[in-house]
>>> print(open('data_20.cif').read())   # mmCIF, C-alpha atoms and all ligand atoms
data_protein
#
loop_
_atom_site.label_atom_id
_atom_site.label_comp_id
_atom_site.auth_asym_id
_atom_site.auth_seq_id
_atom_site.Cartn_x
_atom_site.Cartn_y
_atom_site.Cartn_z
CA MET R 867 23.08 1.01 -4.95
CA LYS R 868 22.42 4.64 -5.79
CA GLU R 869 19.32 6.43 -4.66
CA ARG R 870 17.16 5.63 -7.68
CA LYS R 871 14.25 7.77 -6.61
CA GLU R 872 16.35 10.95 -6.69
CA GLU R 873 17.85 10.00 -10.00
CA TYR R 874 14.48 9.20 -11.51
CA HIS R 875 12.79 12.36 -10.41
CA GLN R 876 15.58 14.56 -11.65
CA THR R 877 14.54 16.24 -14.82
CA GLY R 878 18.03 16.32 -16.28
CA GLU R 879 19.07 16.61 -19.88
CA GLY R 880 19.18 13.39 -21.80
CA ARG R 881 15.61 12.59 -20.86
CA LYS R 882 13.91 14.43 -23.69
CA GLU R 883 15.73 12.85 -26.56
CA LEU R 884 13.32 10.08 -27.52
CA ASP R 885 11.86 12.01 -30.43
CA VAL R 886 14.89 11.65 -32.65
CA PHE R 887 15.81 8.07 -33.33
CA ASP R 888 19.37 6.99 -32.72
CA GLU R 889 20.79 3.47 -33.01
CA GLN R 890 22.53 4.03 -29.71
CA TRP R 891 19.17 3.84 -27.94
CA LEU R 892 19.04 0.14 -28.26
CA HIS R 893 22.23 -0.16 -26.25
CA THR R 894 21.64 2.49 -23.64
CA GLU R 895 20.16 1.55 -20.29
CA ARG R 896 17.62 3.98 -18.98
CA LEU R 897 15.87 4.36 -15.66
CA GLY R 898 12.08 4.35 -15.60
CA ARG R 899 9.24 3.42 -13.31
CA ILE R 900 6.66 0.68 -13.69
CA SER R 901 3.23 2.27 -14.01
CA GLU R 902 1.12 -0.68 -15.07
CA VAL R 903 1.33 -4.44 -14.92
CA GLN R 904 -0.80 -6.72 -17.10
CA LYS R 905 0.27 -10.35 -16.99
CA ASN R 906 3.59 -10.29 -18.88
CA SER R 907 3.27 -6.78 -20.24
CA TYR R 908 4.37 -3.66 -18.48
CA LEU R 909 4.19 0.05 -18.95
CA ILE R 910 7.22 2.07 -17.97
CA ARG R 911 6.85 5.69 -17.11
CA TYR R 912 9.72 7.62 -18.56
CA TRP R 913 9.83 11.35 -18.97
CA GLU R 914 6.07 11.77 -19.21
CA ARG R 915 5.68 8.84 -21.54
CA GLU R 916 4.27 5.38 -21.00
CA ILE R 917 6.51 2.90 -22.76
CA PRO R 918 5.28 -0.67 -23.36
CA ALA R 919 7.82 -3.23 -22.23
CA LYS R 920 8.48 -6.90 -21.60
CA LEU R 921 10.88 -8.61 -19.28
CA SER R 922 14.29 -9.72 -20.49
CA GLY R 923 14.74 -13.47 -20.54
CA LYS R 924 16.79 -13.65 -17.40
CA PHE R 925 13.74 -12.92 -15.26
CA TYR R 926 12.25 -16.23 -16.30
CA LYS R 927 15.48 -18.21 -16.07
CA GLU R 928 16.41 -17.15 -12.60
CA GLU R 929 13.55 -17.52 -10.19
CA THR R 930 13.62 -13.88 -9.20
CA MET R 931 10.96 -11.38 -8.31
CA PHE R 932 8.96 -9.68 -11.00
CA PRO R 933 8.40 -5.96 -11.25
CA VAL R 934 5.38 -4.45 -9.55
CA ILE R 935 3.85 -1.05 -9.93
CA GLY R 936 6.10 1.63 -8.48
CA ASP R 937 9.32 -0.25 -9.14
CA TYR R 938 12.22 1.67 -10.58
CA VAL R 939 13.66 -0.40 -13.40
CA THR R 940 16.44 -0.15 -15.92
CA PHE R 941 15.39 -0.80 -19.49
CA ARG R 942 16.48 -0.61 -23.13
CA TYR R 943 14.20 1.51 -25.22
CA ASN R 944 12.76 0.13 -28.43
CA PRO R 945 10.84 2.71 -30.47
CA LYS R 946 9.37 0.02 -32.76
CA GLY R 947 7.93 -2.40 -30.23
CA ASP R 948 8.30 -3.57 -26.69
CA SER R 949 11.20 -2.19 -24.74
CA LYS R 950 13.17 -4.61 -22.56
CA ILE R 951 13.23 -4.46 -18.80
CA ILE R 952 16.72 -5.34 -17.62
CA GLU R 953 16.66 -5.06 -13.87
CA ILE R 954 14.58 -4.01 -10.89
CA CYS R 955 16.32 -1.45 -8.71
CA GLU R 956 16.50 -2.06 -5.00
CA ARG R 957 13.14 -1.40 -3.35
CA LYS R 958 12.85 1.05 -0.51
CA ASN R 959 9.79 -0.90 0.63
CA PHE R 960 6.83 -2.67 -0.85
CA LEU R 961 3.27 -3.35 0.15
CA THR R 962 2.03 -6.89 -0.12
CA ARG R 963 -1.45 -8.07 -0.82
CA PRO R 964 -3.27 -8.21 2.48
CA ASP R 965 -4.88 -11.56 1.74
CA THR R 966 -1.54 -13.38 1.84
CA ALA R 967 -2.86 -15.57 4.61
CA LYS R 968 -5.15 -17.23 2.11
CA SER R 969 -2.80 -17.39 -0.86
CA MET R 970 0.01 -18.54 1.43
CA LYS R 971 2.65 -16.58 -0.35
CA GLU R 972 3.81 -13.06 -0.11
CA GLN R 973 2.64 -11.09 -3.11
CA PRO R 974 4.16 -7.68 -3.57
CA MET R 975 1.66 -5.23 -4.96
CA ALA R 976 3.29 -1.79 -4.99
CA ALA R 977 6.84 -0.63 -4.37
CA ASN R 978 8.64 2.48 -3.15
CA ILE R 979 5.82 4.10 -1.17
CA ASP R 980 6.24 7.20 0.99
CA TYR R 981 2.78 7.25 2.57
CA ALA R 982 -0.14 4.85 2.60
CA PHE R 983 -3.49 6.62 2.75
CA LEU R 984 -5.86 4.31 4.58
CA VAL R 985 -9.15 5.50 3.16
CA MET R 986 -12.43 4.82 4.93
CA SER R 987 -15.71 6.58 4.41
CA LEU R 988 -17.48 8.03 7.40
CA ASN R 989 -20.96 6.99 6.38
CA ASP R 990 -20.84 3.22 6.20
CA ASN R 991 -17.25 2.03 6.00
CA PHE R 992 -15.85 3.35 9.26
CA SER R 993 -14.30 0.71 11.46
CA VAL R 994 -11.60 1.12 14.07
CA ASN R 995 -10.67 -2.52 13.67
CA ARG R 996 -10.17 -2.10 9.94
CA ALA R 997 -7.99 0.96 10.45
CA VAL R 998 -5.81 -0.95 12.90
CA ARG R 999 -5.43 -3.84 10.48
CA TYR R 1000 -4.46 -1.53 7.65
CA ALA R 1001 -1.99 0.25 9.91
CA ALA R 1002 -0.32 -2.96 11.07
CA THR R 1003 -0.08 -4.23 7.49
CA VAL R 1004 1.64 -1.16 6.11
CA LEU R 1005 3.83 -0.54 9.17
CA GLN R 1006 5.12 -4.08 8.81
CA GLU R 1007 6.56 -3.03 5.45
CA GLY R 1008 8.00 0.20 6.80
CA VAL R 1009 5.42 2.45 5.15
CA GLN R 1010 3.90 5.33 7.10
CA PRO R 1011 0.11 5.07 7.39
CA ILE R 1012 -2.19 8.10 7.30
CA VAL R 1013 -5.88 7.57 7.98
CA ILE R 1014 -8.20 9.49 5.66
CA LEU R 1015 -11.85 9.57 6.63
CA THR R 1016 -13.91 10.57 3.63
CA LYS R 1017 -17.44 11.91 3.08
CA VAL R 1018 -17.47 14.16 6.14
CA ASP R 1019 -20.53 15.82 4.64
CA LEU R 1020 -22.51 12.62 5.23
CA CYS R 1021 -21.56 12.20 8.86
CA PRO R 1022 -22.93 14.21 11.76
CA ASP R 1023 -20.57 12.63 14.29
CA VAL R 1024 -17.13 13.14 12.83
CA GLU R 1025 -15.42 14.19 16.03
CA LYS R 1026 -16.73 11.23 17.98
CA LEU R 1027 -15.48 8.73 15.42
CA LYS R 1028 -12.16 10.52 15.12
CA GLU R 1029 -11.81 10.33 18.88
CA GLN R 1030 -12.43 6.56 18.81
CA LEU R 1031 -9.61 6.19 16.32
CA LYS R 1032 -7.29 8.44 18.29
CA GLU R 1033 -7.84 6.32 21.37
CA MET R 1034 -6.85 3.15 19.56
CA LEU R 1035 -4.14 4.64 17.35
CA PRO R 1036 -2.76 7.62 19.23
CA GLN R 1037 0.38 8.04 17.15
CA ILE R 1038 -1.21 7.81 13.70
CA LYS R 1039 -2.40 10.90 11.88
CA VAL R 1040 -6.10 11.02 11.09
CA HIS R 1041 -7.70 13.46 8.66
CA ALA R 1042 -11.38 13.86 7.99
CA VAL R 1043 -12.18 15.26 4.56
CA SER R 1044 -14.91 15.80 2.05
CA ALA R 1045 -13.82 15.79 -1.56
CA LEU R 1046 -17.25 17.16 -2.35
CA THR R 1047 -17.19 20.28 -0.19
CA GLY R 1048 -13.41 20.57 0.03
CA TYR R 1049 -13.49 20.29 3.82
CA GLY R 1050 -10.10 19.34 5.29
CA MET R 1051 -8.43 18.87 1.93
CA ASP R 1052 -5.76 21.50 2.61
CA LYS R 1053 -4.46 19.37 5.49
CA LEU R 1054 -3.34 16.73 2.98
CA GLN R 1055 -0.93 19.06 1.22
CA VAL R 1056 1.96 18.21 3.56
CA TYR R 1057 2.07 14.69 2.13
CA LEU R 1058 1.98 15.86 -1.45
CA GLN R 1059 5.58 16.91 -1.86
CA PRO R 1060 7.03 16.55 -5.37
CA GLY R 1061 8.52 13.11 -5.91
CA ASN R 1062 6.47 11.48 -3.15
CA THR R 1063 4.52 8.33 -3.85
CA ILE R 1064 1.24 7.71 -2.08
CA ALA R 1065 -0.57 4.39 -2.05
CA LEU R 1066 -4.33 4.38 -1.56
CA LEU R 1067 -5.82 1.52 0.41
CA GLY R 1068 -9.51 1.17 1.00
CA SER R 1069 -12.67 -0.67 0.12
CA SER R 1070 -14.47 -0.07 -3.11
CA GLY R 1071 -16.69 3.00 -3.08
CA VAL R 1072 -15.11 4.85 -0.16
CA GLY R 1073 -14.19 7.71 -2.47
CA LYS R 1074 -10.57 7.08 -3.46
CA SER R 1075 -11.02 8.21 -7.06
CA THR R 1076 -13.01 11.25 -6.01
CA LEU R 1077 -10.26 12.14 -3.55
CA VAL R 1078 -7.56 11.87 -6.21
CA ASN R 1079 -9.56 14.00 -8.61
CA ALA R 1080 -9.98 16.64 -5.94
CA LEU R 1081 -6.26 16.57 -5.17
CA ALA R 1082 -5.38 16.80 -8.85
CA GLY R 1083 -7.93 19.49 -9.52
CA THR R 1084 -9.06 17.64 -12.62
CA GLU R 1085 -11.01 14.54 -13.55
CA ILE R 1086 -7.94 12.33 -13.58
CA MET R 1087 -9.64 9.13 -12.43
CA LYS R 1088 -12.99 7.67 -13.26
CA THR R 1089 -15.31 7.53 -10.30
CA GLY R 1090 -18.21 5.32 -9.40
CA GLU R 1091 -18.36 3.74 -12.80
CA ILE R 1092 -19.52 0.30 -13.72
CA ARG R 1093 -16.58 -1.80 -14.76
CA GLU R 1094 -16.20 -2.32 -18.47
CA LYS R 1095 -16.47 -5.74 -19.99
CA ASP R 1096 -14.05 -7.08 -22.56
CA ALA R 1097 -14.98 -9.03 -25.72
CA LYS R 1098 -15.48 -12.27 -23.81
CA GLY R 1099 -17.77 -10.59 -21.32
CA ARG R 1100 -15.23 -10.69 -18.52
CA HIS R 1101 -14.85 -7.74 -16.28
CA THR R 1102 -11.73 -5.84 -17.05
CA THR R 1103 -10.60 -3.83 -14.15
CA THR R 1104 -7.40 -1.93 -14.48
CA TYR R 1105 -5.98 -2.57 -11.08
CA ARG R 1106 -3.07 -0.85 -9.46
CA GLU R 1107 -3.27 2.22 -11.49
CA MET R 1108 -0.50 4.74 -11.12
CA ILE R 1109 -1.24 8.40 -11.57
CA GLU R 1110 1.00 11.40 -11.57
CA LEU R 1111 -0.46 14.63 -10.28
CA PRO R 1112 0.57 17.89 -11.93
CA ASN R 1113 2.92 18.61 -9.00
CA ASN R 1114 4.93 15.44 -9.63
CA VAL R 1115 3.27 13.45 -6.86
CA VAL R 1116 2.63 9.84 -7.75
CA ILE R 1117 -0.52 8.10 -6.57
CA ILE R 1118 -0.96 4.37 -6.69
CA ASP R 1119 -4.47 3.05 -6.39
CA THR R 1120 -4.61 -0.51 -5.13
CA PRO R 1121 -7.60 -2.73 -5.81
CA GLY R 1122 -10.55 -2.50 -3.45
CA MET R 1123 -10.14 -4.55 -0.33
CA ARG R 1124 -12.68 -5.68 2.20
CA GLU R 1125 -11.31 -8.23 4.61
CA ILE R 1126 -7.78 -7.73 5.72
CA GLY R 1127 -6.26 -10.87 7.09
CA LEU R 1128 -3.14 -10.45 9.14
CA CYS R 1129 -0.33 -12.88 8.56
CA ASP R 1130 3.18 -12.66 9.90
CA VAL R 1131 2.90 -8.98 10.69
CA ASP R 1132 3.89 -9.08 14.35
CA GLU R 1133 6.35 -6.24 13.96
CA GLY R 1134 3.70 -4.17 12.25
CA ILE R 1135 1.30 -4.82 15.12
CA ASP R 1136 3.97 -3.81 17.63
CA ASP R 1137 4.63 -0.64 15.62
CA THR R 1138 0.92 0.12 15.62
CA PHE R 1139 0.70 -0.38 19.39
CA GLU R 1140 4.10 1.05 20.14
CA ASP R 1141 3.27 1.90 23.74
CA ILE R 1142 2.11 -1.65 24.53
CA ALA R 1143 5.22 -3.13 22.94
CA GLU R 1144 7.29 -0.77 25.08
CA LEU R 1145 5.43 -1.80 28.21
CA ALA R 1146 5.89 -5.47 27.37
CA ALA R 1147 9.61 -4.87 27.11
CA GLN R 1148 9.55 -3.79 30.76
CA CYS R 1149 7.96 -7.00 32.03
CA ARG R 1150 10.22 -9.03 34.26
CA PHE R 1151 10.13 -12.06 31.99
CA ARG R 1152 11.01 -11.73 28.38
CA ASP R 1153 8.34 -14.19 27.28
CA CYS R 1154 5.74 -12.75 29.63
CA THR R 1155 2.21 -13.64 28.54
CA HIS R 1156 0.80 -10.80 30.68
CA THR R 1157 -1.59 -13.19 32.42
CA ASN R 1158 -0.24 -14.13 35.85
CA GLU R 1159 3.50 -13.54 35.86
CA PRO R 1160 4.91 -11.40 38.65
CA ARG R 1161 6.13 -7.87 37.87
CA CYS R 1162 4.21 -7.64 34.60
CA ALA R 1163 4.33 -4.06 33.33
CA VAL R 1164 1.39 -4.58 30.99
CA ARG R 1165 -0.96 -5.82 33.73
CA GLN R 1166 0.18 -3.02 35.95
CA ALA R 1167 -0.68 -0.48 33.23
CA LEU R 1168 -4.07 -2.13 32.78
CA GLU R 1169 -4.73 -1.98 36.50
CA ASN R 1170 -3.79 1.65 36.96
CA GLY R 1171 -5.75 2.68 33.86
CA GLN R 1172 -2.74 3.78 31.85
CA LEU R 1173 -3.66 1.21 29.21
CA SER R 1174 -7.22 0.57 28.12
CA LYS R 1175 -8.56 -2.95 28.19
CA GLU R 1176 -10.00 -2.66 24.68
CA ARG R 1177 -6.67 -1.72 23.18
CA PHE R 1178 -4.87 -4.51 24.91
CA GLU R 1179 -7.48 -7.07 23.86
CA LEU R 1180 -7.25 -5.96 20.25
CA TYR R 1181 -3.46 -5.97 20.38
CA ARG R 1182 -3.46 -9.47 21.74
CA SER R 1183 -6.06 -10.90 19.37
CA LEU R 1184 -4.28 -9.45 16.33
CA HIS R 1185 -1.02 -11.07 17.43
CA VAL R 1186 -2.77 -14.41 17.86
CA GLU R 1187 -4.28 -14.13 14.39
CA SER R 1188 -0.98 -13.11 12.84
CA ARG R 1189 0.92 -16.00 14.45
CA LYS R 1190 -1.73 -18.53 13.55
CA SER R 1191 -1.75 -17.50 9.89
CA ALA R 1192 2.04 -17.46 9.84
CA ASP R 1193 2.12 -21.02 11.19
CA MET R 1194 -0.37 -22.10 8.55
CA LYS R 1195 1.80 -20.46 5.94
CA ALA R 1196 4.89 -22.26 7.20
CA ILE R 1197 3.08 -25.59 7.14
CA ALA R 1198 1.86 -25.02 3.59
CA LYS R 1199 5.38 -24.10 2.53
CA ALA R 1200 6.87 -27.18 4.13
CA ARG R 1201 4.26 -29.38 2.45
CA LYS R 1202 5.04 -27.89 -0.91
CA ALA R 1203 8.77 -28.44 -0.44
CA LEU R 1204 8.13 -32.01 0.59
CA ASN R 1205 6.02 -32.67 -2.48
CA LYS R 1206 8.77 -31.27 -4.63
CA THR R 1207 11.39 -33.63 -3.21
CA ARG R 1208 9.03 -36.57 -3.61
CA LYS R 1209 8.55 -35.81 -7.28
CA ARG R 1210 12.28 -35.88 -7.91
N1 LIG M 1301 -21.25 12.82 -0.23
C1 LIG M 1301 -20.03 12.51 -0.67
N2 LIG M 1301 -19.90 11.56 -1.59
C2 LIG M 1301 -18.67 11.23 -2.03
C3 LIG M 1301 -17.49 11.86 -1.51
N3 LIG M 1301 -16.43 11.31 -2.12
C4 LIG M 1301 -16.90 10.38 -2.96
N4 LIG M 1301 -18.26 10.31 -2.93
C5 LIG M 1301 -19.13 9.42 -3.73
O1 LIG M 1301 -18.88 8.06 -3.42
C6 LIG M 1301 -19.01 7.23 -4.57
C7 LIG M 1301 -17.78 6.37 -4.76
O2 LIG M 1301 -16.67 7.21 -4.99
P1 LIG M 1301 -15.37 6.70 -5.75
O3 LIG M 1301 -14.40 7.84 -5.72
O4 LIG M 1301 -15.69 6.13 -7.07
O5 LIG M 1301 -14.88 5.52 -4.81
P2 LIG M 1301 -13.59 4.58 -4.97
O6 LIG M 1301 -13.05 4.38 -3.62
O7 LIG M 1301 -12.67 5.14 -5.99
O8 LIG M 1301 -14.22 3.24 -5.48
P3 LIG M 1301 -13.50 2.09 -6.36
O9 LIG M 1301 -13.05 2.75 -7.64
O10 LIG M 1301 -14.57 1.08 -6.57
O11 LIG M 1301 -12.36 1.57 -5.55
C8 LIG M 1301 -19.27 8.18 -5.74
O12 LIG M 1301 -20.64 8.17 -6.03
C9 LIG M 1301 -18.82 9.53 -5.21
O13 LIG M 1301 -19.52 10.58 -5.79
C10 LIG M 1301 -17.68 12.89 -0.50
O14 LIG M 1301 -16.73 13.50 0.01
N5 LIG M 1301 -18.96 13.16 -0.13
ZN ZN M 1302 3.82 -8.91 31.09
#
>>> encode(input="data_20.cif", output="structure tokens", more="lines below")
Ligand SMILES: Nc1nc2c(ncn2[C@@H]2O[C@H](COP(=O)(O)OP(=O)(O)OP(=O)(O)O)[C@@H](O)[C@H]2O)c(=O)[nH]1
Ligand SMILES: [Zn+2]
Amino acid sequence: MKERKEEYHQTGEGRKELDVFDEQWLHTERLGRISEVQKNSYLIRYWEREIPAKLSGKFYKEETMFPVIGDYVTFRYNPKGDSKIIEICERKNFLTRPDTAKSMKEQPMAANIDYAFLVMSLNDNFSVNRAVRYAATVLQEGVQPIVILTKVDLCPDVEKLKEQLKEMLPQIKVHAVSALTGYGMDKLQVYLQPGNTIALLGSSGVGKSTLVNALAGTEIMKTGEIREKDAKGRHTTTYREMIELPNNVVIIDTPGMREIGLCDVDEGIDDTFEDIAELAAQCRFRDCTHTNEPRCAVRQALENGQLSKERFELYRSLHVESRKSADMKAIAKARKALNKTRKR
């Protein structure tokens, strides 16, 4: 499959022609990007437009995956109503909902991400444990995590907290910023190359919208607002919003998250604690539990102080959690399959 990202971000001819109607449109496949998902309705971003679209019937017939925000899709344009989504292009990667342990199935939430900004505020949201969980979750999917600590202006102890993070996550970039004063914002420019897609992860209220507005230089996202209610009094929150900055950088805001359960993310945990995984590979026994086996490289590193006890304990407990949830998931899956065969 061709590199769809390159193709999509090219601003070639043939992309501006939607103003003059032509019968041919209905037969031409175009390449766009999903910018919003609402139940069965989608918005496709195409040459600075948002085109409403529905899925073609084959999505429902074959039990395939459905588009998520950030997906490149081919579609047939319909100027008089919903356009038709034909196919999802191969995903470079995708982030899944972090609460998959509870829902027991993997739910993609955003696709084709270059960087995941793990946003935590320095005043009340800072937690090393949370940062590690975020990092393992996104590394599992092959997405590069960048920790963004917001609201520097409210924290007298920035360097100390940054140091704590560095100790636990030595190979992950950490930036402390204040969208209010502008402190540290210039350091984020390296990630904002045209065509890049950045996913924001973080609890509600940590300052994601404020950050995006500061990066965009305009009030592009609403901040700190009370959610609107629809006619039936339900809260309508437009989740997973995709925003394009003036410099062609795409930002995907994922819904606020508090608890991050880890499920089946052992590779992500190993990527987060690369050095420990490397040490473990040097143990004499392949299935070393690093408790009492002879010639254990991990215990040796712990003893000579090369590896801190806290890091190892966290590494180990996260693996236990991840395996346990994965087992639960497998059991739930098996049960479901069994029920299905019984019904037949
Ligand atoms: N002091 C200070 N306050 C900030 C900063 N950034 C954001 N805030 C405030 O924090 C509150 C929440 O900011 P938002 O940007 O709405 O947070 P959010 O992460 O987008 O929240 P959700 O939309 O609920 O996910 C607002 O009142 C902001 O004014 C900062 O750098 N310094
Ligand atoms: Zn060992």
>>> residues_near_ligand(input="data_20.cif", ligand="ligand LIG 1301 (chain M)", cutoff="6 Å", atoms="only C-alpha atoms and all ligand atoms", output="PyMOL selection string")
chain R and resi 1016-1017+1019-1020+1044-1046+1070-1076+1089-1090+1122
>>> residues_near_ligand(input="data_20.cif", ligand="ligand ZN 1302 (chain M)", cutoff="8 Å", atoms="only C-alpha atoms and all ligand atoms", output="compact mmCIF listing (two decimals) with C-alpha atoms, in the coordinates of the input")
# COMPACT_ATOMS: atom_id res chain seq x y z
CA LEU R 1145 5.43 -1.80 28.21
CA ALA R 1146 5.89 -5.47 27.37
CA GLN R 1148 9.55 -3.79 30.76
CA CYS R 1149 7.96 -7.00 32.03
CA ARG R 1150 10.22 -9.03 34.26
CA PHE R 1151 10.13 -12.06 31.99
CA ASP R 1153 8.34 -14.19 27.28
CA CYS R 1154 5.74 -12.75 29.63
CA THR R 1155 2.21 -13.64 28.54
CA HIS R 1156 0.80 -10.80 30.68
CA THR R 1157 -1.59 -13.19 32.42
CA GLU R 1159 3.50 -13.54 35.86
CA ARG R 1161 6.13 -7.87 37.87
CA CYS R 1162 4.21 -7.64 34.60
CA ALA R 1163 4.33 -4.06 33.33
CA VAL R 1164 1.39 -4.58 30.99
CA ARG R 1165 -0.96 -5.82 33.73
>>> closest_residue(input="data_20.cif", among="R:Leu1077, R:Leu1005, R:Ala1143, R:Val934", to="R:Asn978", atoms="all atoms listed in the file")
R:Val934
>>> residues_around(input="data_20.cif", residues="R:Ile952", least_positions_apart="4", cutoff="10 Å", atoms="only C-alpha atoms", output="list of chain:residue names")
R:Glu895, R:Arg896, R:Leu897, R:Lys920, R:Leu921, R:Ser922, R:Gly923, R:Lys924, R:Phe925, R:Val939, R:Thr940, R:Phe941, R:Arg942
>>> axis_aligned_box(input="data_20.cif", around="stretch 1054-1069 of chain R", padding_each_side="5 Å", output="lines of an AutoDock Vina configuration file")
center_x = -2.1
center_y = 9.2
center_z = -1.2
size_x = 31.2
size_y = 29.7
size_z = 19.5
>>> residues_around(input="data_20.cif", residues="stretch 1030-1035 of chain R", least_positions_apart="4", cutoff="10 Å", atoms="all atoms listed in the file", output="short mmCIF file (atom, residue, chain, number, x, y, z; two decimals) with C-alpha atoms, keeping the file's coordinate frame")
data_model
loop_
_atom_site.label_atom_id
_atom_site.label_comp_id
_atom_site.auth_asym_id
_atom_site.auth_seq_id
_atom_site.Cartn_x
_atom_site.Cartn_y
_atom_site.Cartn_z
CA PHE R 992 -15.85 3.35 9.26
CA SER R 993 -14.30 0.71 11.46
CA VAL R 994 -11.60 1.12 14.07
CA ASN R 995 -10.67 -2.52 13.67
CA ALA R 997 -7.99 0.96 10.45
CA VAL R 998 -5.81 -0.95 12.90
CA ALA R 1001 -1.99 0.25 9.91
CA VAL R 1013 -5.88 7.57 7.98
CA GLU R 1025 -15.42 14.19 16.03
CA LYS R 1026 -16.73 11.23 17.98
CA LYS R 1039 -2.40 10.90 11.88
CA VAL R 1040 -6.10 11.02 11.09
CA THR R 1138 0.92 0.12 15.62
CA PHE R 1139 0.70 -0.38 19.39
CA GLU R 1140 4.10 1.05 20.14
CA SER R 1174 -7.22 0.57 28.12
CA GLU R 1176 -10.00 -2.66 24.68
CA ARG R 1177 -6.67 -1.72 23.18
CA PHE R 1178 -4.87 -4.51 24.91
CA LEU R 1180 -7.25 -5.96 20.25
CA TYR R 1181 -3.46 -5.97 20.38
#
>>> atom_distance(input="data_20.cif", atom1="atom CA of R:Ala982", atom2="atom CA of R:His875")
19.8 Å
>>> closest_residue(input="data_20.cif", among="R:Asn1062, R:Pro933, R:Tyr943, R:Leu1168", to="R:Glu916", atoms="only C-alpha atoms")
R:Tyr943
>>> closest_residue(input="data_20.cif", among="R:Val1131, R:Leu988, R:Leu1067, R:Leu1184", to="R:Pro1022", atoms="only C-alpha atoms")
R:Leu988
>>> atom_distance(input="data_20.cif", atom1="atom CA of R:Lys1028", atom2="atom CA of R:Ile1014")
10.3 Å
>>> atom_distance(input="data_20.cif", atom1="atom CA of R:Val1043", atom2="atom CA of R:Leu1015")
6.1 Å
>>> residues_around(input="data_20.cif", residues="R:Phe960", least_positions_apart="3", cutoff="7 Å", atoms="all atoms listed in the file", output="ChimeraX atom specification")
/R:957,974,976-979,1007
>>> residues_around(input="data_20.cif", residues="R:Ile1109", least_positions_apart="3", cutoff="7 Å", atoms="only C-alpha atoms", output="list of chain:residue names")
R:Val1116, R:Ile1117, R:Ile1118
>>> closest_residue(input="data_20.cif", among="R:Leu1173, R:Met1108, R:Ala1042, R:Ile1197", to="R:Asp1141", atoms="all atoms listed in the file")
R:Leu1173
>>> residues_around(input="data_20.cif", residues="R:Glu1133", least_positions_apart="4", cutoff="8 Å", atoms="all atoms listed in the file", output="PyMOL selection string")
chain R and resi 1002+1005-1006+1137
>>> closest_residue(input="data_20.cif", among="R:Asn1113, R:Ser1188, R:Thr930, R:Thr1207", to="R:Ala1082", atoms="all atoms listed in the file")
R:Asn1113
>>> residues_near_point(input="data_20.cif", point="(7.9, -5.9, -14.9)", cutoff="10 Å", atoms="all atoms listed in the file", output="ChimeraX atom specification")
/R:899-910,919-922,925,931-935,937-939,950-954
>>> closest_residue(input="data_20.cif", among="R:Ile1126, R:Leu1111, R:Ala1196, R:Ala1167", to="R:Arg996", atoms="all atoms listed in the file")
R:Ile1126
>>> residues_near_point(input="data_20.cif", point="(-1.1, -16.4, 9.9)", cutoff="6 Å", atoms="only C-alpha atoms", output="PyMOL selection string")
chain R and resi 967+1129-1130+1187-1194
